[in-house]
>>> print(open('upload-v2.csv').read())   # CSV, C-alpha atoms and all ligand atoms
chain,number,residue,atom,x,y,z
A,1,MET,CA,1.9,17.6,-16.3
A,2,PRO,CA,4.4,16.0,-13.9
A,3,GLN,CA,2.5,14.3,-11.1
A,4,ASP,CA,2.9,16.5,-8.1
A,5,ARG,CA,4.1,14.6,-5.1
A,6,GLU,CA,3.5,16.6,-2.0
A,7,ARG,CA,6.0,14.6,0.0
A,8,PRO,CA,9.2,12.7,-0.6
A,9,ASP,CA,8.7,8.9,-1.1
A,10,ALA,CA,8.7,7.0,2.2
A,11,CYS,CA,10.6,4.0,1.0
A,12,PRO,CA,12.6,2.6,4.0
A,13,GLY,CA,16.3,2.0,3.9
A,14,ALA,CA,18.5,-0.3,5.9
A,15,VAL,CA,19.2,2.4,8.6
A,16,ASP,CA,16.5,4.9,7.8
A,17,VAL,CA,13.8,2.4,8.9
A,18,HIS,CA,10.1,2.5,8.6
A,19,ARG,CA,8.3,2.5,12.0
A,20,ALA,CA,5.8,-0.3,11.5
A,21,ALA,CA,3.3,-1.6,14.1
A,22,ASP,CA,5.6,-4.5,14.9
A,23,GLY,CA,8.8,-2.4,15.1
A,24,GLY,CA,11.4,-1.1,12.8
A,25,LEU,CA,11.2,-2.2,9.1
A,26,ALA,CA,14.6,-2.2,7.3
A,27,ARG,CA,14.9,-2.7,3.6
A,28,VAL,CA,18.3,-4.0,2.4
A,29,ARG,CA,19.0,-3.2,-1.3
A,30,VAL,CA,20.5,-6.1,-3.2
A,31,PRO,CA,21.1,-4.9,-6.7
A,32,GLY,CA,20.7,-7.8,-9.1
A,33,GLY,CA,19.6,-10.0,-6.2
A,34,THR,CA,22.9,-11.9,-5.8
A,35,LEU,CA,24.3,-12.6,-2.4
A,36,THR,CA,27.3,-14.7,-1.6
A,37,ALA,CA,26.8,-17.3,1.2
A,38,ALA,CA,28.7,-15.1,3.6
A,39,ARG,CA,26.6,-12.0,2.9
A,40,PHE,CA,23.4,-13.9,3.1
A,41,ASP,CA,24.5,-15.3,6.4
A,42,VAL,CA,25.0,-11.7,7.7
A,43,VAL,CA,21.4,-10.9,6.7
A,44,ARG,CA,20.1,-14.1,8.2
A,45,GLN,CA,21.9,-13.6,11.5
A,46,ALA,CA,20.7,-10.0,11.6
A,47,ALA,CA,17.1,-11.1,11.1
A,48,LEU,CA,17.5,-13.7,13.8
A,49,GLU,CA,19.3,-11.5,16.3
A,50,LEU,CA,17.9,-8.1,15.7
A,51,GLY,CA,14.6,-8.7,13.9
A,52,ASP,CA,11.7,-11.1,14.2
A,53,GLY,CA,13.5,-14.1,12.7
A,54,TRP,CA,12.1,-13.7,9.2
A,55,ILE,CA,13.4,-12.2,5.9
A,56,GLU,CA,10.9,-10.7,3.5
A,57,LEU,CA,11.5,-10.8,-0.2
A,58,THR,CA,10.2,-7.8,-2.1
A,59,SER,CA,8.9,-7.5,-5.7
A,60,ARG,CA,12.2,-5.7,-6.5
A,61,ALA,CA,14.3,-8.5,-5.3
A,62,ASN,CA,15.3,-6.6,-2.2
A,63,LEU,CA,15.2,-8.0,1.4
A,64,GLN,CA,13.4,-6.7,4.4
A,65,ILE,CA,14.0,-7.3,8.1
A,66,ARG,CA,11.2,-6.3,10.5
A,67,GLY,CA,10.5,-6.2,14.2
A,68,LEU,CA,13.6,-4.2,14.9
A,69,ALA,CA,13.8,-2.7,18.4
A,70,PRO,CA,14.3,1.1,18.5
A,71,GLY,CA,17.9,1.8,17.7
A,72,ALA,CA,18.7,-1.7,16.4
A,73,GLU,CA,19.0,-0.2,12.9
A,74,HIS,CA,22.4,1.2,13.9
A,75,GLU,CA,23.7,-2.3,14.7
A,76,LEU,CA,22.1,-3.6,11.5
A,77,GLY,CA,23.7,-0.9,9.5
A,78,ALA,CA,27.2,-1.6,11.0
A,79,ARG,CA,26.8,-5.3,10.1
A,80,LEU,CA,25.7,-4.6,6.6
A,81,ARG,CA,28.5,-2.1,6.0
A,82,ASP,CA,31.1,-4.5,7.3
A,83,ALA,CA,29.7,-7.1,4.8
A,84,GLY,CA,29.9,-4.7,1.9
A,85,LEU,CA,26.1,-4.5,1.7
A,86,LEU,CA,25.9,-0.8,2.3
A,87,PRO,CA,28.5,0.6,-0.1
A,88,SER,CA,27.1,4.1,-0.2
A,89,ALA,CA,25.5,6.0,2.7
A,90,THR,CA,24.2,8.7,0.4
A,91,HIS,CA,22.8,6.6,-2.5
A,92,GLU,CA,21.3,3.7,-0.5
A,93,ARG,CA,17.6,4.0,-1.2
A,94,MET,CA,17.9,4.5,-5.0
A,95,ARG,CA,20.0,1.3,-5.4
A,96,ASN,CA,17.1,-0.7,-6.9
A,97,THR,CA,18.2,-2.9,-9.8
A,98,VAL,CA,16.2,-5.9,-10.8
A,99,ALA,CA,18.0,-8.4,-13.1
A,100,ALA,CA,16.8,-11.4,-15.1
A,101,PRO,CA,17.8,-14.0,-12.4
A,102,LEU,CA,18.9,-16.8,-14.7
A,103,GLU,CA,21.1,-14.7,-16.9
A,104,ASP,CA,24.8,-14.1,-16.4
A,105,ASN,CA,24.4,-10.4,-15.7
A,106,GLN,CA,25.5,-9.7,-12.2
A,107,ASP,CA,28.8,-8.1,-13.3
A,108,LEU,CA,26.9,-5.7,-15.4
A,109,VAL,CA,24.5,-4.9,-12.6
A,110,ASP,CA,27.4,-4.3,-10.2
A,111,ALA,CA,29.1,-2.0,-12.7
A,112,VAL,CA,25.8,0.0,-13.2
A,113,ASP,CA,25.3,0.2,-9.4
A,114,ALA,CA,28.8,1.4,-8.7
A,115,ALA,CA,28.6,4.0,-11.5
A,116,LEU,CA,25.3,5.3,-10.3
A,117,CYS,CA,26.7,5.6,-6.8
A,118,ARG,CA,29.6,7.6,-8.0
A,119,VAL,CA,27.4,10.5,-9.2
A,120,PRO,CA,26.6,12.8,-6.3
A,121,GLU,CA,23.4,14.3,-7.7
A,122,LEU,CA,21.9,10.8,-8.2
A,123,ALA,CA,21.7,10.5,-4.4
A,124,GLU,CA,18.6,12.6,-4.8
A,125,LEU,CA,16.8,10.1,-6.9
A,126,PRO,CA,13.6,8.7,-5.2
A,127,GLY,CA,13.5,5.4,-3.4
A,128,ARG,CA,11.1,4.3,-6.1
A,129,PHE,CA,13.7,4.6,-8.8
A,130,LEU,CA,14.2,1.3,-10.6
A,131,VAL,CA,16.6,-0.1,-13.2
A,132,THR,CA,16.0,-3.4,-14.9
A,133,VAL,CA,18.6,-5.6,-16.6
A,134,GLY,CA,17.6,-8.3,-19.0
A,135,GLU,CA,14.6,-9.2,-21.1
A,136,SER,CA,12.6,-11.3,-18.6
A,137,VAL,CA,12.3,-8.3,-16.2
A,138,SER,CA,12.0,-5.6,-18.9
A,139,GLY,CA,8.2,-5.3,-18.4
A,140,LEU,CA,8.5,-4.6,-14.7
A,141,GLY,CA,8.2,-0.9,-15.3
A,142,GLY,CA,11.8,0.2,-14.7
A,143,ASP,CA,12.6,3.8,-15.1
A,144,ILE,CA,15.6,2.7,-17.1
A,145,GLY,CA,16.3,-0.7,-18.5
A,146,LEU,CA,18.8,-2.7,-20.5
A,147,VAL,CA,17.9,-5.5,-22.9
A,148,GLY,CA,21.2,-6.3,-24.7
A,149,ASP,CA,22.1,-3.0,-26.3
A,150,ALA,CA,18.6,-1.7,-26.2
A,151,LEU,CA,17.9,1.1,-23.7
A,152,PHE,CA,14.4,1.0,-22.1
A,153,LEU,CA,12.8,4.1,-20.6
A,154,ALA,CA,9.7,4.0,-18.4
A,155,GLY,CA,9.4,0.3,-19.1
A,156,ARG,CA,9.5,0.5,-22.9
A,157,ASP,CA,12.1,0.2,-25.6
A,158,SER,CA,13.2,3.8,-26.4
A,159,GLY,CA,14.6,2.8,-29.7
A,160,LEU,CA,18.1,3.8,-28.6
A,161,ARG,CA,20.9,1.3,-29.0
A,162,VAL,CA,23.9,1.8,-26.8
A,163,THR,CA,27.6,0.7,-27.0
A,164,ASP,CA,28.4,1.4,-23.3
A,165,PRO,CA,25.4,0.2,-21.3
A,166,VAL,CA,26.8,1.5,-18.0
A,167,ALA,CA,27.4,5.0,-19.3
A,168,ALA,CA,24.0,5.0,-20.9
A,169,VAL,CA,22.2,4.1,-17.7
A,170,VAL,CA,24.1,6.8,-15.8
A,171,ALA,CA,23.3,9.4,-18.5
A,172,ALA,CA,19.6,8.5,-18.5
A,173,ALA,CA,19.5,8.6,-14.7
A,174,ARG,CA,21.0,12.1,-14.8
A,175,GLU,CA,18.5,13.3,-17.3
A,176,PHE,CA,15.7,11.8,-15.3
A,177,GLN,CA,16.9,13.6,-12.1
A,178,ALA,CA,17.1,16.8,-14.1
A,179,VAL,CA,13.5,16.6,-15.5
A,180,ARG,CA,11.6,14.8,-12.8
A,181,GLY,CA,10.7,17.7,-10.6
A,182,THR,CA,8.8,16.1,-7.7
A,183,ALA,CA,7.8,12.9,-9.6
A,184,TRP,CA,8.9,9.6,-8.3
A,185,ARG,CA,8.9,7.6,-11.5
A,186,LEU,CA,9.8,8.5,-15.1
A,187,SER,CA,6.4,7.4,-16.3
A,188,GLU,CA,4.9,10.3,-14.3
A,189,VAL,CA,6.9,12.9,-16.0
A,190,ASP,CA,5.1,14.6,-18.9
A,191,GLY,CA,7.3,14.2,-22.0
A,192,GLY,CA,10.1,12.7,-19.8
A,193,VAL,CA,10.8,9.8,-22.1
A,194,ARG,CA,10.9,12.0,-25.1
A,195,LYS,CA,13.3,14.5,-23.5
A,196,ILE,CA,15.7,11.8,-22.3
A,197,THR,CA,15.6,10.0,-25.6
A,198,ALA,CA,16.4,13.2,-27.4
A,199,ALA,CA,19.2,14.0,-25.0
A,200,LEU,CA,20.9,10.6,-25.5
A,201,GLY,CA,20.8,10.1,-29.2
A,202,ARG,CA,18.6,9.1,-32.2
A,203,PRO,CA,16.2,6.2,-31.8
A,204,GLY,CA,16.1,3.6,-34.5
A,205,PRO,CA,12.8,2.1,-35.8
A,206,ASP,CA,12.9,-1.3,-34.1
A,207,ARG,CA,11.3,-1.9,-30.7
A,208,ILE,CA,11.6,-4.8,-28.4
A,209,ALA,CA,8.3,-5.6,-26.6
A,210,PRO,CA,8.7,-5.5,-22.8
A,211,ALA,CA,8.3,-8.8,-21.1
A,212,VAL,CA,7.8,-10.3,-17.7
A,213,ILE,CA,8.8,-13.9,-17.7
A,214,PRO,CA,8.8,-15.3,-14.1
A,215,VAL,CA,11.1,-18.2,-13.4
A,216,ALA,CA,9.2,-21.3,-12.4
A,217,PRO,CA,10.1,-23.1,-9.3
A,218,GLY,CA,12.2,-26.3,-9.9
A,219,PRO,CA,15.5,-27.2,-11.4
A,220,HIS,CA,17.1,-25.0,-14.1
A,221,GLY,CA,20.3,-26.6,-15.2
A,222,ASP,CA,22.8,-26.3,-12.4
A,223,ARG,CA,20.5,-24.2,-10.3
A,224,LEU,CA,17.3,-24.7,-8.3
A,225,VAL,CA,14.6,-22.1,-8.1
A,226,ALA,CA,12.8,-22.3,-4.8
A,227,GLY,CA,9.6,-20.4,-4.1
A,228,VAL,CA,9.3,-18.7,-0.7
A,229,PRO,CA,5.7,-19.0,0.7
A,230,LEU,CA,4.2,-15.5,0.9
A,231,GLY,CA,7.7,-14.1,0.3
A,232,ARG,CA,8.6,-14.7,3.9
A,233,LEU,CA,11.7,-16.7,4.6
A,234,ASP,CA,12.5,-18.3,8.0
A,235,ALA,CA,16.0,-16.9,8.6
A,236,ARG,CA,17.1,-20.2,10.1
A,237,LEU,CA,17.0,-21.7,6.6
A,238,LEU,CA,19.7,-21.7,4.0
A,239,ALA,CA,22.7,-21.3,6.2
A,240,GLY,CA,25.9,-21.1,4.2
A,241,THR,CA,24.0,-21.0,0.9
A,242,PRO,CA,24.6,-18.4,-1.9
A,243,VAL,CA,21.3,-17.1,-3.2
A,244,ARG,CA,19.9,-14.9,-5.9
A,245,VAL,CA,16.7,-13.2,-5.0
A,246,THR,CA,14.2,-13.0,-7.9
A,247,PRO,CA,11.4,-10.4,-8.2
A,248,TRP,CA,8.9,-13.2,-7.9
A,249,ARG,CA,9.4,-14.1,-4.2
A,250,SER,CA,11.7,-16.9,-5.0
A,251,LEU,CA,15.4,-17.7,-4.7
A,252,VAL,CA,17.9,-19.2,-7.2
A,253,LEU,CA,20.0,-21.7,-5.3
A,254,PRO,CA,22.8,-24.0,-6.4
A,255,ALA,CA,21.4,-27.4,-7.6
A,256,GLY,CA,21.3,-29.8,-4.6
A,257,ALA,CA,20.8,-27.0,-2.0
A,258,ASP,CA,18.6,-27.9,0.9
A,259,ALA,CA,15.3,-26.3,0.1
A,260,SER,CA,13.4,-27.4,3.1
A,261,GLY,CA,10.6,-25.0,4.0
A,262,LEU,CA,10.5,-23.7,0.4
A,263,PHE,CA,8.7,-25.1,-2.6
A,264,THR,CA,10.3,-26.3,-5.8
A,265,ASP,CA,7.2,-27.6,-7.6
A,266,PRO,CA,5.1,-25.3,-9.7
A,267,ALA,CA,2.1,-27.3,-8.7
A,268,SER,CA,2.6,-26.2,-5.1
A,269,PRO,CA,-0.5,-24.5,-3.6
A,270,TRP,CA,1.8,-21.6,-2.6
A,271,HIS,CA,2.8,-20.9,-6.2
A,272,GLY,CA,1.2,-17.6,-7.2
A,273,VAL,CA,-0.2,-16.8,-3.8
A,274,THR,CA,0.8,-13.4,-2.2
A,275,ALA,CA,-0.4,-11.4,0.8
A,276,CYS,CA,0.2,-8.0,2.3
A,277,ALA,CA,1.9,-7.6,5.6
A,278,GLY,CA,-1.4,-7.7,7.6
A,279,ARG,CA,-1.2,-7.9,11.4
A,280,PRO,CA,0.9,-7.6,13.4
A,281,GLY,CA,3.1,-5.5,11.1
A,282,CYS,CA,0.4,-3.2,9.7
A,283,ALA,CA,-1.7,-1.2,12.1
A,284,LYS,CA,-4.4,-0.7,9.5
A,285,SER,CA,-4.9,-4.4,9.1
A,286,LEU,CA,-8.2,-6.0,10.1
A,287,THR,CA,-6.7,-9.4,10.6
A,288,ASP,CA,-3.6,-11.6,10.6
A,289,VAL,CA,-3.7,-12.1,6.8
A,290,ARG,CA,-0.8,-14.6,6.6
A,291,ALA,CA,-2.3,-16.8,9.3
A,292,ASP,CA,-5.6,-16.7,7.4
A,293,VAL,CA,-3.8,-17.8,4.2
A,294,VAL,CA,-2.1,-20.7,6.0
A,295,ARG,CA,-5.6,-21.9,7.1
A,296,TRP,CA,-6.9,-21.5,3.5
A,297,ILE,CA,-3.9,-22.7,1.4
A,298,ASN,CA,-5.2,-26.3,0.8
A,299,THR,CA,-8.5,-25.0,-0.5
A,300,PRO,CA,-8.4,-25.8,-4.3
A,301,HIS,CA,-7.4,-22.8,-6.2
A,302,ARG,CA,-5.6,-21.9,-9.5
A,303,GLY,CA,-3.8,-18.9,-10.9
A,304,ARG,CA,-2.7,-16.0,-8.9
A,305,VAL,CA,-4.3,-15.1,-5.6
A,306,HIS,CA,-3.6,-12.0,-3.5
A,307,TRP,CA,-4.8,-11.4,0.1
A,308,SER,CA,-5.1,-8.0,1.8
A,309,GLY,CA,-5.8,-7.0,5.3
A,310,CYS,CA,-7.8,-3.9,4.3
A,311,ALA,CA,-9.3,-2.1,1.3
A,312,ARG,CA,-5.9,-0.5,0.4
A,313,ARG,CA,-4.9,-3.8,-1.2
A,314,CYS,CA,-1.2,-3.2,-0.9
A,315,GLY,CA,1.1,-5.4,-2.9
A,316,ARG,CA,-1.6,-6.5,-5.4
A,317,PRO,CA,0.3,-7.9,-8.4
A,318,PRO,CA,-0.5,-6.5,-11.8
A,319,GLY,CA,-2.6,-8.5,-14.2
A,320,ASP,CA,-5.1,-11.3,-13.6
A,321,VAL,CA,-5.4,-11.9,-9.9
A,322,VAL,CA,-8.2,-13.2,-7.7
A,323,GLU,CA,-8.3,-11.1,-4.6
A,324,PHE,CA,-9.4,-11.6,-1.0
A,325,VAL,CA,-9.8,-8.4,0.9
A,326,ALA,CA,-10.5,-8.4,4.6
A,327,THR,CA,-13.7,-6.6,5.6
A,328,GLY,CA,-13.6,-7.1,9.4
A,329,ASP,CA,-16.2,-9.8,8.9
A,330,GLY,CA,-14.3,-12.3,6.8
A,331,TYR,CA,-13.0,-11.5,3.3
A,332,GLU,CA,-14.6,-10.2,0.1
A,333,GLU,CA,-13.6,-12.1,-3.0
A,334,ILE,CA,-12.8,-9.9,-6.0
A,335,ARG,CA,-12.4,-11.4,-9.4
B,401,LIG,S1,-3.5,-3.7,2.5
B,401,LIG,FE1,-4.1,-2.7,4.4
B,401,LIG,S2,-3.5,-4.2,5.9
B,401,LIG,FE2,-2.4,-4.8,4.1
B,401,LIG,S3,-0.4,-3.8,4.3
B,401,LIG,FE3,-1.8,-2.4,3.1
B,401,LIG,S4,-2.6,-1.0,4.6
B,401,LIG,FE4,-1.8,-2.8,5.7
>>> encode(input="upload-v2.csv", output="C-alpha cells")
Amino acid sequence: MPQDRERPDACPGAVDVHRAADGGLARVRVPGGTLTAARFDVVRQAALELGDGWIELTSRANLQIRGLAPGAEHELGARLRDAGLLPSATHERMRNTVAAPLEDNQDLVDAVDAALCRVPELAELPGRFLVTVGESVSGLGGDIGLVGDALFLAGRDSGLRVTDPVAAVVAAAREFQAVRGTAWRLSEVDGGVRKITAALGRPGPDRIAPAVIPVAPGPHGDRLVAGVPLGRLDARLLAGTPVRVTPWRSLVLPAGADASGLFTDPASPWHGVTACAGRPGCAKSLTDVRADVVRWINTPHRGRVHWSGCARRCGRPPGDVVEFVATGDGYEEIR
C-alpha cells in the first residue's frame, strides 16, 4: 500500500522558510550544484547580510541560509530571483537534482530542470522529490535517475533505455505524480516502479548497479575538491569563486582557488564527520553539537562519525557510521 502521509512534506523553500529556533531557515535549490561566481556571491552576501553569516550544504547539494529575521525571506527571494536562482515560483521546492559533480553534465541538468518546471502539474510534486544524474550519485535513492541512457526509478535501474533523457525524466515525473497519492517518494508507492516502467516502455534484461562514489577532497585534474567542515561554510570565504556543490558536503573549485577554512586532504580529521543542527538552531537539541564536535575533533577516529543533539538522530548518513547521540549527560556512542 502507498505509505499514507498525513501532512504535506515540510521541506523549506527559499521564501517559504522553516521557522527554526534560531530564526528563518531558507533552502536554496541548486540543481546540479553549479553556481557561477556571481550567483554564489549573491548567496554569500545574503547569508552575511540577512542570515547568520554561514551557508549550510545539504546532502542533496542544496544550500541553506539560517538565522533570518521575520520577513527577511522576501528580501532573500528578491535577490535570488534577480540572480536567476529562483526561476519558478510554483516549482521551487521540487527542483532537487543531484548530479555527479566531476562529470560534464550541468547542461543536461539544466535542461531537465527547465523541462520539469514547464509542466504545471509537476508543481505538486513533494519537496522530497529527487532526480539524480550520473553514475556516482545513482545510489542516492533518487525517484528518477539517469546514468547514460539508462533510466533509474526509485534508485534502481528500471531496465529502460532512453533516447531523449530530458523527455524521459519528465514523462517519469508525470507518471509518479499520477500514481503517488500522498506518498512523498516513489519507493513508498506500492507497485509504483512497475507502473511507471510499463507506461514508459519495455525494459531490457541488463541492469546497472546503483552506486555512491563520493569525491575525495584534493586535486582532481583542473579542479580542487574542498571539504566543508560539518557542511557549514563561513560565508566570508570563496568571494568571486565559482563552485559546484557536491552531495558530500564539499565544493568543487577551480584548481588554485583559495581553500582557506576548508580541507583538501582526505586525512583531515573533518573528513567523514557530520552533525545535526543542534543548538541554537534546533529547539529539541540537548546541546550545542557543533561546538562539542570542535572540542572532540582531534581525538583519534576513523571512518564516518555522526553527531546528534537528541535521539531523533537527524541527518545520520546511511551505511557504516559511528554515532554519538546526546543524552543530556554527555553522549552515548552507538556502533
Ligand atoms: S537530531 Fe535532535 S537535536 Fe539534532 S536536529 Fe534532529 S531533532 Fe534537532
>>> residues_near_ligand(input="upload-v2.csv", ligand="ligand LIG 401 (chain B)", cutoff="8 Å", atoms="only C-alpha atoms and all ligand atoms", output="PyMOL selection string")
chain A and resi 275-279+281-287+289+308-315
>>> residues_near_point(input="upload-v2.csv", point="(12.6, -7.4, -17.1)", cutoff="10 Å", atoms="all atoms listed in the file", output="MDAnalysis selection string")
chainID A and resid 98:101 131:142 145:147 152 155 210:214 247
>>> residues_around(input="upload-v2.csv", residues="A:Leu151", least_positions_apart="4", cutoff="12 Å", atoms="all atoms listed in the file", output="ChimeraX atom specification")
/A:131-135,138,142-147,155-173,193,196-197,200-204,206-208,210
>>> atom_distance(input="upload-v2.csv", atom1="atom CA of A:Gly240", atom2="atom CA of A:Arg93")
27.0 Å
>>> residues_around(input="upload-v2.csv", residues="A:Ile65", least_positions_apart="4", cutoff="9 Å", atoms="only C-alpha atoms", output="ChimeraX atom specification")
/A:14,24-28,43,46-47,50-56
>>> residues_near_point(input="upload-v2.csv", point="(19.4, -26.2, -14.9)", cutoff="12 Å", atoms="only C-alpha atoms", output="PyMOL selection string")
chain A and resi 102-103+215-225+252-256
>>> closest_residue(input="upload-v2.csv", among="A:Val245, A:Ala199, A:Val325, A:Leu125", to="A:Arg180", atoms="all atoms listed in the file")
A:Leu125
>>> atom_distance(input="upload-v2.csv", atom1="atom CA of A:Pro242", atom2="atom CA of A:Gly13")
22.8 Å
>>> atom_distance(input="upload-v2.csv", atom1="atom CA of A:Glu73", atom2="atom CA of A:Gly23")
10.7 Å
>>> residues_around(input="upload-v2.csv", residues="A:Gly71", least_positions_apart="2", cutoff="10 Å", atoms="all atoms listed in the file", output="ChimeraX atom specification")
/A:15,17,24,68-69,73-76
>>> closest_residue(input="upload-v2.csv", among="A:Arg39, A:Arg295, A:Arg304, A:Arg244", to="A:Val273", atoms="only C-alpha atoms")
A:Arg304
>>> build_atoms(input="upload-v2.csv", residues="stretch 236-260 of chain A", atoms="N, CA and C atoms", output="PDB file, keeping the file's coordinate frame")
ATOM      1  N   ARG A 236      16.307 -19.045   9.697  1.00  0.00           N
ATOM      2  CA  ARG A 236      17.100 -20.200  10.100  1.00  0.00           C
ATOM      3  C   ARG A 236      17.508 -21.049   8.897  1.00  0.00           C
ATOM      4  N   LEU A 237      16.776 -20.872   7.785  1.00  0.00           N
ATOM      5  CA  LEU A 237      17.000 -21.700   6.600  1.00  0.00           C
ATOM      6  C   LEU A 237      18.174 -21.188   5.786  1.00  0.00           C
ATOM      7  N   LEU A 238      18.726 -22.076   4.983  1.00  0.00           N
ATOM      8  CA  LEU A 238      19.700 -21.700   4.000  1.00  0.00           C
ATOM      9  C   LEU A 238      21.024 -21.188   4.522  1.00  0.00           C
ATOM     10  N   ALA A 239      21.417 -21.652   5.694  1.00  0.00           N
ATOM     11  CA  ALA A 239      22.700 -21.300   6.200  1.00  0.00           C
ATOM     12  C   ALA A 239      23.828 -21.696   5.276  1.00  0.00           C
ATOM     13  N   GLY A 240      24.761 -20.811   5.036  1.00  0.00           N
ATOM     14  CA  GLY A 240      25.900 -21.100   4.200  1.00  0.00           C
ATOM     15  C   GLY A 240      25.581 -21.337   2.729  1.00  0.00           C
ATOM     16  N   THR A 241      24.460 -20.774   2.282  1.00  0.00           N
ATOM     17  CA  THR A 241      24.000 -21.000   0.900  1.00  0.00           C
ATOM     18  C   THR A 241      24.043 -19.663   0.123  1.00  0.00           C
ATOM     19  N   PRO A 242      24.695 -19.608  -1.029  1.00  0.00           N
ATOM     20  CA  PRO A 242      24.600 -18.400  -1.900  1.00  0.00           C
ATOM     21  C   PRO A 242      23.177 -18.361  -2.475  1.00  0.00           C
ATOM     22  N   VAL A 243      22.625 -17.183  -2.623  1.00  0.00           N
ATOM     23  CA  VAL A 243      21.300 -17.100  -3.200  1.00  0.00           C
ATOM     24  C   VAL A 243      21.245 -15.948  -4.219  1.00  0.00           C
ATOM     25  N   ARG A 244      20.280 -16.062  -5.111  1.00  0.00           N
ATOM     26  CA  ARG A 244      19.900 -14.900  -5.900  1.00  0.00           C
ATOM     27  C   ARG A 244      18.428 -14.690  -5.775  1.00  0.00           C
ATOM     28  N   VAL A 245      18.104 -13.509  -5.312  1.00  0.00           N
ATOM     29  CA  VAL A 245      16.700 -13.200  -5.000  1.00  0.00           C
ATOM     30  C   VAL A 245      16.048 -12.797  -6.367  1.00  0.00           C
ATOM     31  N   THR A 246      14.876 -13.361  -6.644  1.00  0.00           N
ATOM     32  CA  THR A 246      14.200 -13.000  -7.900  1.00  0.00           C
ATOM     33  C   THR A 246      13.049 -11.993  -7.493  1.00  0.00           C
ATOM     34  N   PRO A 247      12.510 -11.286  -8.479  1.00  0.00           N
ATOM     35  CA  PRO A 247      11.400 -10.400  -8.200  1.00  0.00           C
ATOM     36  C   PRO A 247      10.070 -11.118  -8.004  1.00  0.00           C
ATOM     37  N   TRP A 248      10.120 -12.460  -8.009  1.00  0.00           N
ATOM     38  CA  TRP A 248       8.900 -13.200  -7.900  1.00  0.00           C
ATOM     39  C   TRP A 248       8.840 -14.052  -6.612  1.00  0.00           C
ATOM     40  N   ARG A 249       9.410 -13.473  -5.561  1.00  0.00           N
ATOM     41  CA  ARG A 249       9.400 -14.100  -4.200  1.00  0.00           C
ATOM     42  C   ARG A 249       9.938 -15.511  -4.275  1.00  0.00           C
ATOM     43  N   SER A 250      11.033 -15.655  -4.959  1.00  0.00           N
ATOM     44  CA  SER A 250      11.700 -16.900  -5.000  1.00  0.00           C
ATOM     45  C   SER A 250      13.211 -16.703  -4.946  1.00  0.00           C
ATOM     46  N   LEU A 251      13.949 -17.786  -4.757  1.00  0.00           N
ATOM     47  CA  LEU A 251      15.400 -17.700  -4.700  1.00  0.00           C
ATOM     48  C   LEU A 251      16.022 -18.686  -5.647  1.00  0.00           C
ATOM     49  N   VAL A 252      17.067 -18.245  -6.322  1.00  0.00           N
ATOM     50  CA  VAL A 252      17.900 -19.200  -7.200  1.00  0.00           C
ATOM     51  C   VAL A 252      18.977 -19.686  -6.267  1.00  0.00           C
ATOM     52  N   LEU A 253      19.031 -21.012  -6.158  1.00  0.00           N
ATOM     53  CA  LEU A 253      20.000 -21.700  -5.300  1.00  0.00           C
ATOM     54  C   LEU A 253      20.884 -22.571  -6.156  1.00  0.00           C
ATOM     55  N   PRO A 254      22.021 -22.993  -5.629  1.00  0.00           N
ATOM     56  CA  PRO A 254      22.800 -24.000  -6.400  1.00  0.00           C
ATOM     57  C   PRO A 254      21.993 -25.308  -6.392  1.00  0.00           C
ATOM     58  N   ALA A 255      22.114 -26.073  -7.492  1.00  0.00           N
ATOM     59  CA  ALA A 255      21.400 -27.400  -7.600  1.00  0.00           C
ATOM     60  C   ALA A 255      21.870 -28.206  -6.343  1.00  0.00           C
ATOM     61  N   GLY A 256      20.939 -28.905  -5.752  1.00  0.00           N
ATOM     62  CA  GLY A 256      21.300 -29.800  -4.600  1.00  0.00           C
ATOM     63  C   GLY A 256      21.188 -29.050  -3.279  1.00  0.00           C
ATOM     64  N   ALA A 257      20.907 -27.737  -3.285  1.00  0.00           N
ATOM     65  CA  ALA A 257      20.800 -27.000  -2.000  1.00  0.00           C
ATOM     66  C   ALA A 257      19.573 -27.566  -1.240  1.00  0.00           C
ATOM     67  N   ASP A 258      19.651 -27.488   0.067  1.00  0.00           N
ATOM     68  CA  ASP A 258      18.600 -27.900   0.900  1.00  0.00           C
ATOM     69  C   ASP A 258      17.444 -26.882   0.881  1.00  0.00           C
ATOM     70  N   ALA A 259      16.345 -27.213   0.217  1.00  0.00           N
ATOM     71  CA  ALA A 259      15.300 -26.300   0.100  1.00  0.00           C
ATOM     72  C   ALA A 259      14.093 -26.546   1.001  1.00  0.00           C
ATOM     73  N   SER A 260      14.404 -27.134   2.144  1.00  0.00           N
ATOM     74  CA  SER A 260      13.400 -27.400   3.100  1.00  0.00           C
ATOM     75  C   SER A 260      12.648 -26.084   3.494  1.00  0.00           C
TER      76      SER A 260
END
